[in-house]
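Shown here: final-v4.cif, mmCIF, C-alpha atoms.
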data_query
#
loop_
_atom_site.label_atom_id
_atom_site.label_comp_id
_atom_site.auth_asym_id
_atom_site.auth_seq_id
_atom_site.Cartn_x
_atom_site.Cartn_y
_atom_site.Cartn_z
CA MET A 5 100.44 110.62 38.37
CA LYS A 6 96.74 111.45 38.14
CA LYS A 7 94.53 110.61 41.09
CA ILE A 8 92.38 107.53 40.57
CA THR A 9 88.69 108.32 40.08
CA HIS A 10 87.31 104.91 39.00
CA ALA A 11 86.33 101.92 41.15
CA VAL A 12 84.97 98.43 40.54
CA ILE A 13 82.60 96.69 42.96
CA PRO A 14 81.83 93.03 42.08
CA VAL A 15 78.23 92.24 43.10
CA ALA A 16 77.41 89.16 41.00
CA GLY A 17 77.69 86.56 43.79
CA PHE A 18 74.57 84.75 45.00
CA GLY A 19 75.50 85.12 48.67
CA THR A 20 75.01 81.49 49.62
CA ARG A 21 76.57 82.13 53.05
CA MET A 22 73.67 84.48 53.75
CA LEU A 23 70.76 82.18 52.89
CA PRO A 24 67.84 82.34 53.49
CA LEU A 25 68.16 86.16 53.80
CA SER A 26 69.73 86.40 50.34
CA LYS A 27 67.24 84.13 48.55
CA SER A 28 65.24 87.02 47.11
CA VAL A 29 67.18 90.09 48.31
CA PRO A 30 70.74 90.69 47.06
CA LYS A 31 73.12 90.23 49.98
CA GLU A 32 74.60 93.64 49.24
CA LEU A 33 71.22 95.22 50.07
CA LEU A 34 70.84 93.53 53.44
CA PRO A 35 70.84 96.23 56.13
CA LEU A 36 73.60 97.18 58.51
CA GLY A 37 71.73 99.39 60.91
CA ASN A 38 69.56 101.74 58.87
CA ARG A 39 71.31 101.40 55.49
CA PRO A 40 72.16 98.57 53.09
CA ALA A 41 75.67 97.18 53.42
CA ILE A 42 76.70 98.38 49.96
CA HIS A 43 75.68 101.93 50.87
CA TYR A 44 78.68 102.15 53.22
CA VAL A 45 81.03 100.69 50.60
CA VAL A 46 79.99 103.22 47.97
CA GLU A 47 80.06 106.00 50.57
CA GLU A 48 83.64 105.00 51.39
CA ALA A 49 84.63 105.14 47.71
CA VAL A 50 83.03 108.55 47.21
CA ALA A 51 84.66 109.97 50.34
CA ALA A 52 88.05 108.79 49.04
CA GLY A 53 87.55 110.73 45.79
CA ILE A 54 86.06 108.12 43.43
CA LYS A 55 83.83 109.65 40.74
CA HIS A 56 82.80 106.62 38.63
CA ILE A 57 81.74 103.36 40.25
CA VAL A 58 81.27 100.24 38.13
CA LEU A 59 79.08 97.52 39.62
CA VAL A 60 79.77 94.10 38.08
CA GLY A 61 76.63 92.02 38.50
CA HIS A 62 74.08 89.84 36.74
CA ALA A 63 70.40 89.97 35.78
CA GLN A 64 69.11 89.24 39.28
CA LYS A 65 71.05 92.12 40.84
CA SER A 66 69.30 95.05 39.13
CA ALA A 67 67.88 96.10 42.52
CA ILE A 68 71.39 97.24 43.51
CA GLU A 69 71.63 99.58 40.54
CA ASN A 70 68.11 100.83 41.31
CA TYR A 71 69.17 101.69 44.86
CA PHE A 72 71.67 104.22 43.54
CA ASP A 73 69.28 105.62 40.94
CA ILE A 74 66.67 108.33 41.54
CA ASN A 75 63.14 107.01 41.94
CA ALA A 76 61.34 109.99 40.45
CA GLU A 77 57.86 108.87 41.53
CA LEU A 78 58.92 108.32 45.13
CA ASP A 79 60.89 111.57 45.14
CA ASN A 80 57.89 113.56 43.88
CA GLN A 81 55.56 111.92 46.38
CA LEU A 82 57.83 112.67 49.35
CA ARG A 83 58.30 116.29 48.31
CA HIS A 84 54.56 116.71 47.73
CA LYS A 85 54.07 115.63 51.36
CA GLY A 86 56.66 118.13 52.54
CA LYS A 87 59.28 115.47 53.31
CA ASP A 88 62.10 117.21 51.45
CA GLU A 89 64.76 116.22 53.98
CA LEU A 90 63.90 112.53 53.62
CA ALA A 91 63.84 112.84 49.82
CA ASP A 92 67.26 114.51 49.87
CA SER A 93 68.66 111.72 52.07
CA LEU A 94 67.63 109.11 49.49
CA ASN A 95 69.43 110.96 46.69
CA TRP A 96 72.67 111.32 48.60
CA LEU A 97 75.16 110.65 45.81
CA PRO A 98 76.96 113.83 44.66
CA GLU A 99 76.03 115.01 41.17
CA ASP A 100 79.57 114.42 39.89
CA VAL A 101 79.50 110.71 40.87
CA THR A 102 78.32 108.13 38.33
CA VAL A 103 77.26 104.56 39.09
CA SER A 104 77.24 102.13 36.16
CA MET A 105 76.46 98.43 36.01
CA ILE A 106 77.85 95.79 33.68
CA ARG A 107 77.08 92.08 33.72
CA GLN A 108 79.73 89.48 34.36
CA GLY A 109 77.99 86.95 32.11
CA LYS A 110 79.65 83.83 33.54
CA ALA A 111 80.51 83.02 37.14
CA LEU A 112 84.24 82.57 36.60
CA GLY A 113 85.59 84.09 39.78
CA LEU A 114 86.73 87.41 41.18
CA GLY A 115 89.45 87.91 38.59
CA HIS A 116 86.91 87.47 35.79
CA ALA A 117 84.52 89.90 37.51
CA VAL A 118 87.20 92.60 37.66
CA LEU A 119 88.10 91.96 34.01
CA ALA A 120 84.43 92.33 33.06
CA ALA A 121 84.63 96.00 34.06
CA ARG A 122 87.31 96.75 31.48
CA PRO A 123 84.93 98.09 28.77
CA ILE A 124 83.87 100.87 31.16
CA ILE A 125 87.14 101.44 33.04
CA GLY A 126 89.06 101.68 29.78
CA GLU A 127 92.65 102.84 30.24
CA HIS A 128 92.12 104.25 33.72
CA ASP A 129 93.83 102.93 36.83
CA PHE A 130 91.19 101.94 39.37
CA ALA A 131 90.23 100.68 42.81
CA VAL A 132 88.40 97.46 43.66
CA LEU A 133 86.13 97.24 46.71
CA LEU A 134 84.66 93.90 47.73
CA PRO A 135 81.12 94.58 48.99
CA ASP A 136 81.19 91.80 51.59
CA VAL A 137 83.81 93.81 53.48
CA VAL A 138 82.49 96.90 55.24
CA LEU A 139 85.04 99.12 56.96
CA ASP A 140 83.99 100.81 60.20
CA PRO A 141 82.83 104.32 59.22
CA PHE A 142 82.38 105.45 62.82
CA THR A 143 86.01 105.32 63.95
CA THR A 144 87.91 106.34 60.80
CA ASP A 145 88.03 109.29 58.41
CA MET A 146 87.03 107.86 55.02
CA SER A 147 88.43 110.93 53.26
CA ALA A 148 91.93 110.22 54.58
CA ASP A 149 92.22 106.65 55.88
CA ASN A 150 92.48 103.21 54.24
CA LEU A 151 91.21 103.50 50.64
CA ALA A 152 91.91 107.23 50.53
CA PHE A 153 95.43 106.59 51.84
CA MET A 154 95.95 103.86 49.22
CA LEU A 155 94.84 106.15 46.40
CA ASP A 156 97.26 108.83 47.57
CA ALA A 157 100.08 106.28 47.88
CA PHE A 158 99.44 105.07 44.34
CA SER A 159 99.46 108.59 42.97
CA THR A 160 102.80 109.15 44.70
CA ASP A 161 104.79 106.10 43.61
CA GLY A 162 102.64 104.24 41.05
CA HIS A 163 102.63 100.96 42.95
CA SER A 164 99.39 99.00 43.17
CA GLN A 165 98.13 98.79 46.75
CA ILE A 166 96.37 96.01 48.69
CA LEU A 167 94.83 96.59 52.11
CA VAL A 168 95.79 94.12 54.85
CA ASP A 169 95.10 93.72 58.54
CA GLN A 170 96.51 91.56 61.30
CA VAL A 171 94.30 88.59 62.18
CA ALA A 172 94.35 86.12 65.05
CA ASP A 173 96.33 82.90 64.61
CA GLU A 174 93.15 80.82 64.58
CA ASP A 175 91.80 82.87 61.64
CA VAL A 176 94.86 82.81 59.38
CA HIS A 177 93.53 79.84 57.38
CA LYS A 178 90.48 81.88 56.26
CA TYR A 179 92.36 84.52 54.28
CA GLY A 180 94.93 85.34 51.66
CA ILE A 181 98.07 86.09 53.68
CA ALA A 182 100.83 88.53 52.73
CA GLN A 183 104.38 87.28 52.34
CA LEU A 184 106.72 90.09 53.32
CA ASN A 185 110.01 91.06 51.73
CA GLU A 186 113.16 89.96 53.51
CA GLU A 187 113.92 93.55 54.54
CA PHE A 188 111.13 93.31 57.10
CA GLY A 189 112.60 90.22 58.68
CA LYS A 190 110.28 88.66 61.20
CA LEU A 191 106.65 89.71 61.62
CA ASN A 192 107.51 91.49 64.87
CA ASP A 193 109.28 94.16 62.83
CA ILE A 194 105.87 95.48 61.75
CA GLY A 195 104.61 95.95 65.27
CA ASP A 196 101.11 95.90 66.64
CA LYS A 197 98.03 97.28 64.97
CA THR A 198 98.26 101.07 65.01
CA ASP A 199 96.03 104.06 64.36
CA ALA A 200 97.90 104.98 61.19
CA ASN A 201 98.06 103.48 57.72
CA ALA A 202 101.46 102.33 56.48
CA SER A 203 102.50 101.13 53.03
CA PHE A 204 105.40 98.82 52.14
CA LYS A 205 106.45 96.28 49.54
CA VAL A 206 105.05 92.76 49.51
CA ALA A 207 106.70 89.68 48.04
CA GLY A 208 103.49 87.75 47.35
CA PHE A 209 100.43 86.14 48.89
CA VAL A 210 99.58 82.65 50.14
CA GLU A 211 95.93 81.70 49.84
CA LYS A 212 94.37 80.35 53.07
CA PRO A 213 97.49 78.68 54.54
CA ASN A 214 97.53 76.71 57.76
CA LEU A 215 99.20 78.57 60.61
CA ALA A 216 102.48 76.68 60.34
CA ALA A 217 102.85 77.60 56.67
CA ALA A 218 101.60 81.19 56.98
CA PRO A 219 104.32 83.75 56.11
CA SER A 220 102.69 86.42 58.32
CA ASN A 221 99.37 87.23 59.96
CA LEU A 222 98.58 90.08 57.57
CA ALA A 223 95.35 89.15 55.79
CA VAL A 224 93.91 90.73 52.65
CA VAL A 225 90.91 92.84 53.66
CA GLY A 226 89.10 93.48 50.36
CA ARG A 227 90.35 96.84 49.12
CA TYR A 228 92.70 97.12 46.15
CA VAL A 229 94.16 99.92 44.04
CA PHE A 230 95.41 98.66 40.70
CA SER A 231 97.43 99.90 37.81
CA ASN A 232 95.50 99.37 34.58
CA LYS A 233 98.14 96.76 33.72
CA ILE A 234 96.25 94.27 35.90
CA PHE A 235 93.74 93.90 33.06
CA ASP A 236 96.42 92.50 30.75
CA TYR A 237 97.43 89.94 33.35
CA LEU A 238 93.82 88.98 34.01
CA SER A 239 93.11 88.51 30.32
CA ASN A 240 96.08 86.11 30.11
CA THR A 241 95.38 84.28 33.38
CA LYS A 242 94.23 80.68 32.99
CA ALA A 243 91.36 79.39 35.07
CA SER A 244 92.64 77.45 38.09
CA VAL A 245 90.93 76.53 41.38
CA GLY A 246 87.25 75.74 40.77
CA GLY A 247 87.57 76.64 37.11
CA GLU A 248 87.78 80.31 38.08
CA ILE A 249 90.13 83.10 37.05
CA GLN A 250 91.88 84.04 40.27
CA LEU A 251 92.69 87.68 40.99
CA THR A 252 95.62 86.52 43.13
CA ASP A 253 97.28 84.92 40.08
CA ALA A 254 97.22 88.23 38.23
CA ILE A 255 98.50 90.03 41.34
CA ASP A 256 101.47 87.63 41.49
CA SER A 257 102.33 88.57 37.91
CA LEU A 258 102.00 92.27 38.73
CA ILE A 259 104.30 91.84 41.74
CA SER A 260 106.99 90.06 39.73
CA GLU A 261 107.14 92.74 37.04
CA TYR A 262 106.22 96.03 38.68
CA GLY A 263 106.09 95.45 42.43
CA VAL A 264 103.04 95.81 44.66
CA HIS A 265 102.64 97.39 48.10
CA VAL A 266 100.38 96.44 50.98
CA THR A 267 98.74 99.05 53.18
CA THR A 268 98.03 98.21 56.81
CA MET A 269 94.45 98.98 57.76
CA ARG A 270 93.30 101.59 60.25
CA GLY A 271 90.19 100.70 62.27
CA ASP A 272 88.07 97.57 61.94
CA SER A 273 86.31 95.69 59.16
CA TYR A 274 83.22 93.49 59.11
CA ASP A 275 82.37 90.53 56.89
CA ALA A 276 78.82 91.32 55.78
CA GLY A 277 78.74 88.15 53.68
CA ASP A 278 78.99 85.74 56.61
CA MET A 279 75.88 85.22 58.73
CA ARG A 280 77.50 85.34 62.17
CA SER A 281 79.77 88.29 61.37
CA TYR A 282 76.89 90.07 59.62
CA MET A 283 74.64 89.82 62.67
CA GLN A 284 77.42 91.14 64.90
CA ALA A 285 78.01 94.00 62.48
CA PHE A 286 74.29 94.81 62.32
CA ILE A 287 74.15 95.15 66.10
CA TYR A 288 77.26 97.36 66.15
CA PHE A 289 76.04 99.67 63.35
CA ALA A 290 72.57 99.91 64.89
CA GLU A 291 74.02 100.78 68.31
CA GLN A 292 76.18 103.53 66.80
CA GLN A 293 73.25 105.03 64.91
CA LEU A 294 70.87 104.81 67.87
CA ALA A 295 73.46 106.57 70.02
CA ASP A 296 73.71 109.36 67.43
CA ASP A 297 69.93 109.81 67.54
CA GLU A 298 69.84 110.30 71.29
#

Please render this file's structure as structure tokens.
Amino acid sequence: MKKITHAVIPVAGFGTRMLPLSKSVPKELLPLGNRPAIHYVVEEAVAAGIKHIVLVGHAQKSAIENYFDINAELDNQLRHKGKDELADSLNWLPEDVTVSMIRQGKALGLGHAVLAARPIIGEHDFAVLLPDVVLDPFTTDMSADNLAFMLDAFSTDGHSQILVDQVADEDVHKYGIAQLNEEFGKLNDIGDKTDANASFKVAGFVEKPNLAAAPSNLAVVGRYVFSNKIFDYLSNTKASVGGEIQLTDAIDSLISEYGVHVTTMRGDSYDAGDMRSYMQAFIYFAEQQLADDE
């Protein structure tokens, strides 16, 4: 199978969990250390081999697209002042990487946002990266770990991949939780969090269960690699909770017909869409970058 080179990043949300910071600045552009949060997400995709990134947004999110474009006036001014290194750092995307933006139109949920990218993605298989989730770039190799591993796994066996990570019992109710196949028996068969990615079949997902009803403690992290067939399921998925088209409903259909694998995550992730977690992440990223400058 061909290696996946397309990715979708949904950026249409208003970021209400990040108010008042996100009132006039898109939450995806809020800084983690010295770069906007979405910078790391796109950097991760590019390192994994993605060549075409589709941002799914709305009219008030044009600043995100502008961030990845070349500001010719600023570029010329910096170079005129002899600040070529700074100018180069602002135009960091490789020449063979394209960033496009398409509008979602209506706020009908994550599934609808992914489906909105179909006119650009076309018949390609693709990855989905949720911009609220930033994976730690300081302790992992983005060219080999996590998303990169998932892309390689998909190219090997053709199964869609969903990244998961073990969470504490008290946090299980916050996430979509993986239901494992019987062959894995009890959760203990998986073992503790390791320094290596692993991929295996999943039976389904339970959305935000209480601990007693949770089938495991493996939570969906926010990275997906999908067969193009997911578009057909999304287009036939009826709106459910909150009047939204749920991505998880389409994933259930994909599992029942073709099978889906989960990939255990290497390293740590940060929720840059939650105020408390965002502030903790900002401190961590800033500390890492300050240490590098010393």

Report task. Do a neighbour search on Phe230 of chain A at 8 Å with all atoms listed in the file, toss out local chain neighbours closer than 3 positions, and write the hits as a PyMOL selection string. Result -> chain A and resi 129-132+163-165+233-234

Query raised in the report: Could you name the residues that touch Val12 of chain A at 12 Å or less, counting only C-alpha atoms, but leaving out those on the same chain fewer than 4 positions away, as an MDAnalysis selection string?
Result: chainID A and resid 8 16 45:46 49 54:61 102:106 114:115 117:126 128:135 226:230

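Nearest to Gly277 of chain A of all the residues A:Met146, A:Leu34, A:Leu97, A:Val206 is A:Leu34, based on only C-alpha atoms.
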
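Our summary of the geometry notes that atom CA of Thr267 of chain A is positioned 24.0 Å from atom CA of Gly113 of chain A.
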
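Interatomic distance, atom CA of Ala182 of chain A against atom CA of Glu211 of chain A: 8.9 Å.
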
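Using all atoms listed in the file, the nearest neighbour of Glu261 of chain A within the list A:Ala276, A:Asn38, A:Val224, A:Ala207 is A:Ala207.
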
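What the PyMOL selection byres ((chain A and resi 269) around 9) matches in the given file is Asp149, Asn150, Leu167, Val168, Asp169, Gln170, Lys197, Thr198, Asp199, Ala200, Asn201, Ala202, Val225, Thr267, Thr268, Arg270, Gly271, Asp272 and Ser273 of chain A.
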
Print the selection's residues with C-alpha atoms to a file, as an mmCIF file, in the coordinates of the input.
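Listed below is the output, again.cif:
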data_model
loop_
_atom_site.group_PDB
_atom_site.id
_atom_site.type_symbol
_atom_site.label_atom_id
_atom_site.label_comp_id
_atom_site.auth_asym_id
_atom_site.auth_seq_id
_atom_site.Cartn_x
_atom_site.Cartn_y
_atom_site.Cartn_z
ATOM 1 C CA ASP A 149 92.220 106.650 55.880
ATOM 2 C CA ASN A 150 92.480 103.210 54.240
ATOM 3 C CA LEU A 167 94.830 96.590 52.110
ATOM 4 C CA VAL A 168 95.790 94.120 54.850
ATOM 5 C CA ASP A 169 95.100 93.720 58.540
ATOM 6 C CA GLN A 170 96.510 91.560 61.300
ATOM 7 C CA LYS A 197 98.030 97.280 64.970
ATOM 8 C CA THR A 198 98.260 101.070 65.010
ATOM 9 C CA ASP A 199 96.030 104.060 64.360
ATOM 10 C CA ALA A 200 97.900 104.980 61.190
ATOM 11 C CA ASN A 201 98.060 103.480 57.720
ATOM 12 C CA ALA A 202 101.460 102.330 56.480
ATOM 13 C CA VAL A 225 90.910 92.840 53.660
ATOM 14 C CA THR A 267 98.740 99.050 53.180
ATOM 15 C CA THR A 268 98.030 98.210 56.810
ATOM 16 C CA ARG A 270 93.300 101.590 60.250
ATOM 17 C CA GLY A 271 90.190 100.700 62.270
ATOM 18 C CA ASP A 272 88.070 97.570 61.940
ATOM 19 C CA SER A 273 86.310 95.690 59.160
#
